[in-house]
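**Q** If you scroll down you'll find the structure; I have some questions about it.
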Amino acid sequence: MLDSLRCLGTCSYLGGVWAVPEDFCWAWGAMREFNTEFVCQPGELIHYTRAKASLHAGARNFIASERRGNWTFMTDTDHVMEADTVYKMLALMQKFQVPVLTGIYQHKALPHHCMLWHWSEAENGFIPIIEYDKNVQVFRVDAMGAGCLLIANPVFDRMAQAFPDEGPFDHLGRYGEDFSFALRCKRLSIPIYATPLVETIHLMVRGITEADYVPDWFESQMF
């Protein structure tokens, strides 16, 4: 088992109420099934939390502030994944001693490349990774989306110490919250890895219609 990762960790998902909940949240229910069987020793628990805000930087910073134990897993409500996804990623994190690990999924907008990037000094920014070796277990990347992301909690501690006035996902210049997190990792020489062993489906979001609206449910999801 995952001897060095037995203590509590945080599983979280981010999602507002703009998407029909039953279309997306069922994957989160499947995620909870791995709890005792796959990760935890008898009597141990995993901490689950949710960020209800739809502003991604603030929501991800909230999740980071809620972290407990050794690691934090972040996903979004528009991802479909296997119930043992976190188990696989924790096992790889332990095996290869990687501090940040992402699964692989496609960008929803055109072009539909993977949500993985390398840094290019020539471009002074990130360029998408079009091809990668599917036969390895992990490989280095410089940036990733945050929809299927496992982070060792000491990464957040290092960022808080190095950037005391910033949240780990606060926007840096023109970059979104995921690239901004990756840039902070780059500045602190914290490597980021991806694994071809974990692939998730990145769903297109369907907006809410009047027929979907259930007042009691939606009101319970707001702050």
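Here, A, B, ... name the chains of the structure tokens in the order displayed, residue numbers run from 1 inside each chain, and ligands are numbered from 1 in the same displayed order.
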Which residues, written as a list in words, have at least one atom at most 12 Å from A:Arg140, with only C-alpha atoms counted and residues fewer than 3 positions away on the same chain left out?
**A** Phe96, Val98, Pro99, Val100, Leu101, Thr102, Leu116, Trp117, His118, Trp119, Ile129, Tyr132, Asp133, Val136, Gln137, Ala143, Met144, Ile190, Pro191, Ile192, Tyr193, Ala194, Thr195 and Pro196 of chain A
**Q** May I have the residues within 6 Å of A:Asn70 as a ChimeraX atom specification, using only C-alpha atoms and disregarding those fewer than 2 positions away in the same chain?
**A** /A:9,152-153
**Q** Write out the residues from the selection above, keeping N, CA and C atoms, as an mmCIF file, in the first residue's frame.
**A**
data_model
loop_
_atom_site.group_PDB
_atom_site.id
_atom_site.type_symbol
_atom_site.label_atom_id
_atom_site.label_comp_id
_atom_site.auth_asym_id
_atom_site.auth_seq_id
_atom_site.Cartn_x
_atom_site.Cartn_y
_atom_site.Cartn_z
ATOM 1 N N GLY A 9 -5.511 13.187 3.207
ATOM 2 C CA GLY A 9 -5.299 14.105 2.095
ATOM 3 C C GLY A 9 -6.625 14.747 1.750
ATOM 4 N N ALA A 152 1.450 17.651 -3.979
ATOM 5 C CA ALA A 152 1.936 17.396 -2.629
ATOM 6 C C ALA A 152 1.814 18.688 -1.826
ATOM 7 N N ASN A 153 1.218 18.621 -0.649
ATOM 8 C CA ASN A 153 0.930 19.843 0.106
ATOM 9 C C ASN A 153 2.155 20.674 0.468
#
**Q** Would you mind writing down, as a PyMOL selection string, each residue of stretch 63-196 of chain A that DSSP on the backbone assigns to strand (DSSP E)?
**A** chain A and resi 71-76+79-80+100-104+116-120+125-128+139-141+143-144+148-152+192-196
**Q** How about saving the chosen residues, N, CA, C and O atoms kept, as a compact mmCIF listing (two decimals), in the first residue's frame?
**A**
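Written out: again.txt:
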# COMPACT_ATOMS: atom_id res chain seq x y z
N TRP A 71 -1.41 15.67 0.69
CA TRP A 71 -1.63 15.94 -0.72
C TRP A 71 -3.02 16.53 -0.94
O TRP A 71 -3.90 16.40 -0.10
N THR A 72 -3.17 17.18 -2.09
CA THR A 72 -4.47 17.72 -2.50
C THR A 72 -4.73 17.31 -3.95
O THR A 72 -3.86 17.50 -4.80
N PHE A 73 -5.89 16.76 -4.20
CA PHE A 73 -6.30 16.41 -5.55
C PHE A 73 -7.40 17.37 -5.99
O PHE A 73 -8.39 17.53 -5.29
N MET A 74 -7.19 18.01 -7.14
CA MET A 74 -8.18 18.94 -7.68
C MET A 74 -8.79 18.39 -8.95
O MET A 74 -8.08 17.88 -9.83
N THR A 75 -10.11 18.49 -9.05
CA THR A 75 -10.78 18.18 -10.30
C THR A 75 -11.93 19.17 -10.49
O THR A 75 -12.26 19.93 -9.58
N ASP A 76 -12.48 19.17 -11.69
CA ASP A 76 -13.60 20.05 -12.02
C ASP A 76 -14.83 19.22 -12.32
O ASP A 76 -14.72 18.02 -12.63
N HIS A 79 -15.31 16.93 -15.72
CA HIS A 79 -14.37 15.84 -16.01
C HIS A 79 -15.00 14.51 -15.62
O HIS A 79 -15.63 14.40 -14.56
N VAL A 80 -14.79 13.52 -16.46
CA VAL A 80 -15.22 12.16 -16.15
C VAL A 80 -13.96 11.32 -16.01
O VAL A 80 -13.08 11.35 -16.87
N VAL A 100 4.20 17.39 -8.18
CA VAL A 100 2.99 17.81 -8.90
C VAL A 100 2.78 16.85 -10.06
O VAL A 100 3.69 16.62 -10.86
N LEU A 101 1.56 16.28 -10.14
CA LEU A 101 1.27 15.28 -11.16
C LEU A 101 -0.10 15.55 -11.76
O LEU A 101 -1.08 15.72 -11.03
N THR A 102 -0.17 15.56 -13.07
CA THR A 102 -1.44 15.79 -13.76
C THR A 102 -1.81 14.58 -14.61
O THR A 102 -0.95 13.91 -15.18
N GLY A 103 -3.11 14.30 -14.67
CA GLY A 103 -3.62 13.39 -15.67
C GLY A 103 -3.69 14.12 -17.01
O GLY A 103 -3.41 15.32 -17.10
N ILE A 104 -4.08 13.41 -18.05
CA ILE A 104 -4.09 13.98 -19.39
C ILE A 104 -5.53 14.09 -19.89
O ILE A 104 -6.31 13.14 -19.78
N LEU A 116 -1.40 20.26 -21.85
CA LEU A 116 -0.01 20.17 -21.40
C LEU A 116 0.82 21.15 -22.22
O LEU A 116 0.60 21.29 -23.43
N TRP A 117 1.80 21.77 -21.56
CA TRP A 117 2.61 22.76 -22.24
C TRP A 117 4.07 22.67 -21.80
O TRP A 117 4.38 22.24 -20.69
N HIS A 118 4.96 23.11 -22.70
CA HIS A 118 6.36 23.37 -22.38
C HIS A 118 6.59 24.87 -22.41
O HIS A 118 5.88 25.61 -23.11
N TRP A 119 7.60 25.32 -21.66
CA TRP A 119 7.99 26.72 -21.69
C TRP A 119 8.95 26.95 -22.85
O TRP A 119 9.86 26.14 -23.09
N SER A 120 8.75 28.02 -23.58
CA SER A 120 9.63 28.38 -24.68
C SER A 120 10.22 29.76 -24.43
O SER A 120 9.47 30.74 -24.37
N GLY A 125 6.82 32.29 -23.41
CA GLY A 125 5.54 31.79 -22.92
C GLY A 125 5.45 30.28 -23.12
O GLY A 125 6.43 29.61 -23.44
N PHE A 126 4.24 29.76 -22.94
CA PHE A 126 4.01 28.33 -23.02
C PHE A 126 3.53 27.94 -24.42
O PHE A 126 2.74 28.65 -25.03
N ILE A 127 4.02 26.79 -24.89
CA ILE A 127 3.57 26.25 -26.17
C ILE A 127 3.01 24.84 -25.91
O ILE A 127 3.53 24.11 -25.07
N PRO A 128 1.93 24.47 -26.59
CA PRO A 128 1.29 23.18 -26.31
C PRO A 128 2.17 22.00 -26.69
O PRO A 128 2.94 22.07 -27.66
N PHE A 139 6.19 11.88 -17.35
CA PHE A 139 7.15 12.69 -18.10
C PHE A 139 7.00 14.15 -17.68
O PHE A 139 5.93 14.56 -17.20
N ARG A 140 8.07 14.92 -17.87
CA ARG A 140 8.09 16.31 -17.42
C ARG A 140 7.30 17.21 -18.36
O ARG A 140 7.32 17.07 -19.58
N VAL A 141 6.59 18.15 -17.77
CA VAL A 141 5.93 19.23 -18.50
C VAL A 141 6.20 20.52 -17.73
O VAL A 141 6.68 20.49 -16.60
N ALA A 143 3.67 23.14 -17.77
CA ALA A 143 2.37 23.68 -17.36
C ALA A 143 1.30 22.68 -17.72
O ALA A 143 1.50 21.80 -18.58
N MET A 144 0.14 22.82 -17.07
CA MET A 144 -0.94 21.87 -17.23
C MET A 144 -2.25 22.56 -16.87
O MET A 144 -2.25 23.61 -16.27
N CYS A 148 -7.39 17.80 -13.37
CA CYS A 148 -7.08 16.47 -12.83
C CYS A 148 -5.66 16.55 -12.29
O CYS A 148 -4.72 16.06 -12.90
N LEU A 149 -5.52 17.18 -11.13
CA LEU A 149 -4.20 17.62 -10.67
C LEU A 149 -3.97 17.18 -9.23
O LEU A 149 -4.77 17.49 -8.34
N LEU A 150 -2.86 16.48 -9.00
CA LEU A 150 -2.46 16.03 -7.67
C LEU A 150 -1.22 16.82 -7.25
O LEU A 150 -0.22 16.83 -7.96
N ILE A 151 -1.30 17.45 -6.07
CA ILE A 151 -0.24 18.32 -5.60
C ILE A 151 0.17 17.88 -4.19
O ILE A 151 -0.69 17.75 -3.31
N ALA A 152 1.45 17.65 -3.98
CA ALA A 152 1.94 17.40 -2.63
C ALA A 152 1.81 18.69 -1.83
O ALA A 152 2.24 19.75 -2.28
N ILE A 192 6.99 19.59 -12.58
CA ILE A 192 5.63 19.14 -12.85
C ILE A 192 5.71 17.95 -13.79
O ILE A 192 6.46 17.97 -14.77
N TYR A 193 4.92 16.93 -13.50
CA TYR A 193 4.91 15.73 -14.33
C TYR A 193 3.48 15.44 -14.80
O TYR A 193 2.51 15.81 -14.14
N ALA A 194 3.40 14.74 -15.93
CA ALA A 194 2.12 14.22 -16.43
C ALA A 194 2.23 12.71 -16.54
O ALA A 194 3.34 12.16 -16.68
N THR A 195 1.09 12.03 -16.47
CA THR A 195 1.09 10.57 -16.63
C THR A 195 0.11 10.14 -17.71
O THR A 195 -1.08 10.47 -17.66
N PRO A 196 0.58 9.38 -18.71
CA PRO A 196 -0.33 8.82 -19.72
C PRO A 196 -1.22 7.72 -19.15
O PRO A 196 -2.14 7.28 -19.84
**Q** Using only C-alpha atoms, which residues sit within 8 Å of A:Ser180 once same-chain residues fewer than 3 positions away are excluded, as a PyMOL selection string?
**A** chain A and resi 168-172+175-177+183-184
**Q** How would the residues just picked look written out with N, CA and C atoms as a tab-separated table (two decimals), in the first residue's frame?
**A**
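Everything below was put into part-v3.tsv:
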chain	number	residue	atom	x	y	z
A	168	PRO	N	-1.53	30.65	-4.37
A	168	PRO	CA	-0.82	29.81	-5.36
A	168	PRO	C	-1.41	29.88	-6.76
A	169	PHE	N	-2.68	30.26	-6.86
A	169	PHE	CA	-3.32	30.33	-8.17
A	169	PHE	C	-3.68	31.75	-8.59
A	170	ASP	N	-3.22	32.77	-7.86
A	170	ASP	CA	-3.47	34.15	-8.28
A	170	ASP	C	-2.89	34.38	-9.67
A	171	HIS	N	-3.60	35.17	-10.47
A	171	HIS	CA	-3.16	35.44	-11.84
A	171	HIS	C	-1.85	36.21	-11.85
A	172	LEU	N	-0.95	35.78	-12.73
A	172	LEU	CA	0.31	36.48	-12.97
A	172	LEU	C	0.26	37.04	-14.39
A	175	TYR	N	-1.59	35.44	-17.62
A	175	TYR	CA	-1.81	34.01	-17.46
A	175	TYR	C	-3.00	33.71	-16.56
A	176	GLY	N	-3.71	32.62	-16.90
A	176	GLY	CA	-4.79	32.14	-16.07
A	176	GLY	C	-4.26	31.48	-14.81
A	177	GLU	N	-5.18	30.97	-13.99
A	177	GLU	CA	-4.77	30.46	-12.67
A	177	GLU	C	-3.91	29.20	-12.78
A	183	LEU	N	3.86	28.73	-13.28
A	183	LEU	CA	4.96	29.70	-13.26
A	183	LEU	C	5.59	29.79	-11.88
A	184	ARG	N	4.77	29.73	-10.84
A	184	ARG	CA	5.34	29.74	-9.48
A	184	ARG	C	6.17	28.48	-9.24
**Q** What is the atom CA of A:Thr85-atom CA of A:Pro154 distance in Å, reported with one decimal?
**A**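 Atom CA of A:Pro154 lies 21.4 Å from atom CA of A:Thr85.
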**Q** From a backbone DSSP assignment, name each residue in stretch 50-189 of chain A labelled helix (DSSP H, G or I), as number ranges by chain.
**A** A: 56-65, 85-96, 153-162, 177-187
**Q** Report as an MDAnalysis selection string all protein, DNA and RNA residues lying within 8 Å of A:Gln106, evaluated on only C-alpha atoms, omitting residues in the same chain fewer than 2 positions from it.
**A** chainID A and resid 104 108 112:115 201:202
**Q** Deliver the residues from the most recent selection as a file, using N, CA and C atoms, as a PDB file, in the first residue's frame.
**A**
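The result, written out as out23.pdb:
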ATOM      1  N   ILE A 104      -4.079  13.409 -18.049  1.00  0.00           N
ATOM      2  CA  ILE A 104      -4.094  13.984 -19.389  1.00  0.00           C
ATOM      3  C   ILE A 104      -5.527  14.086 -19.886  1.00  0.00           C
ATOM      4  N   LYS A 108     -11.032  21.717 -24.458  1.00  0.00           N
ATOM      5  CA  LYS A 108     -12.381  21.648 -25.037  1.00  0.00           C
ATOM      6  C   LYS A 108     -12.520  22.506 -26.289  1.00  0.00           C
ATOM      7  N   HIS A 112      -7.996  20.935 -30.307  1.00  0.00           N
ATOM      8  CA  HIS A 112      -8.200  20.007 -29.196  1.00  0.00           C
ATOM      9  C   HIS A 112      -6.900  19.285 -28.811  1.00  0.00           C
ATOM     10  N   HIS A 113      -5.884  20.045 -28.486  1.00  0.00           N
ATOM     11  CA  HIS A 113      -4.639  19.430 -28.021  1.00  0.00           C
ATOM     12  C   HIS A 113      -4.756  19.098 -26.533  1.00  0.00           C
ATOM     13  N   CYS A 114      -3.806  18.320 -26.027  1.00  0.00           N
ATOM     14  CA  CYS A 114      -3.798  18.007 -24.604  1.00  0.00           C
ATOM     15  C   CYS A 114      -3.519  19.261 -23.790  1.00  0.00           C
ATOM     16  N   MET A 115      -4.015  19.271 -22.571  1.00  0.00           N
ATOM     17  CA  MET A 115      -3.800  20.418 -21.691  1.00  0.00           C
ATOM     18  C   MET A 115      -2.432  20.306 -21.020  1.00  0.00           C
ATOM     19  N   ILE A 201     -12.029  12.419 -19.435  1.00  0.00           N
ATOM     20  CA  ILE A 201     -12.843  13.012 -20.498  1.00  0.00           C
ATOM     21  C   ILE A 201     -13.249  14.416 -20.059  1.00  0.00           C
ATOM     22  N   HIS A 202     -12.949  15.386 -20.889  1.00  0.00           N
ATOM     23  CA  HIS A 202     -13.254  16.781 -20.607  1.00  0.00           C
ATOM     24  C   HIS A 202     -14.545  17.140 -21.348  1.00  0.00           C
TER      25      HIS A 202
END
**Q** Fewer than 4 positions away in the same chain doesn't count, so skip those; otherwise give me all residues within 10 Å of A:His47, counting only C-alpha atoms, as a list of chain:residue names.
**A**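 With the cut-off at 10 Å, the set is A:Leu8, A:Gly9, A:Thr10, A:Cys11, A:Ser12, A:Asn35, A:Glu66, A:Arg67, A:Arg68, A:Gly69, A:Thr72.
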**Q** Under the rule that only C-alpha atoms are counted, which of A:Leu203, A:Glu82, A:Asp165, A:Phe156 is the nearest residue to A:Ile63?
**A**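 Using only C-alpha atoms, the shortest distance to A:Ile63 belongs to A:Phe156.
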**Q** Using only C-alpha atoms, find the one residue out of A:Thr200, A:Glu121, A:Ala64, A:Cys185 that sits nearest to A:His107.
**A**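 So, comparing all the options, the nearest one is A:Thr200.
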**Q** Measure the distance from atom CA of A:Gln94 to atom CA of A:Met159 in Å and round it to one decimal.
**A**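 Between atom CA of A:Gln94 and atom CA of A:Met159 the gap works out to 21.1 Å.
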**Q** Counting only C-alpha atoms, figure out which residue out of A:Glu131, A:Asp178, A:Glu166, A:Asp84 gets nearest to A:Val198.
**A**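 Smallest distance to A:Val198 is found for A:Asp84.
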**Q** Between atom CA of A:Thr77 and atom CA of A:Arg50, what is the distance, to one decimal in Å?
**A**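 Computing the Euclidean distance for atom CA of A:Thr77 and atom CA of A:Arg50 yields 10.2 Å.
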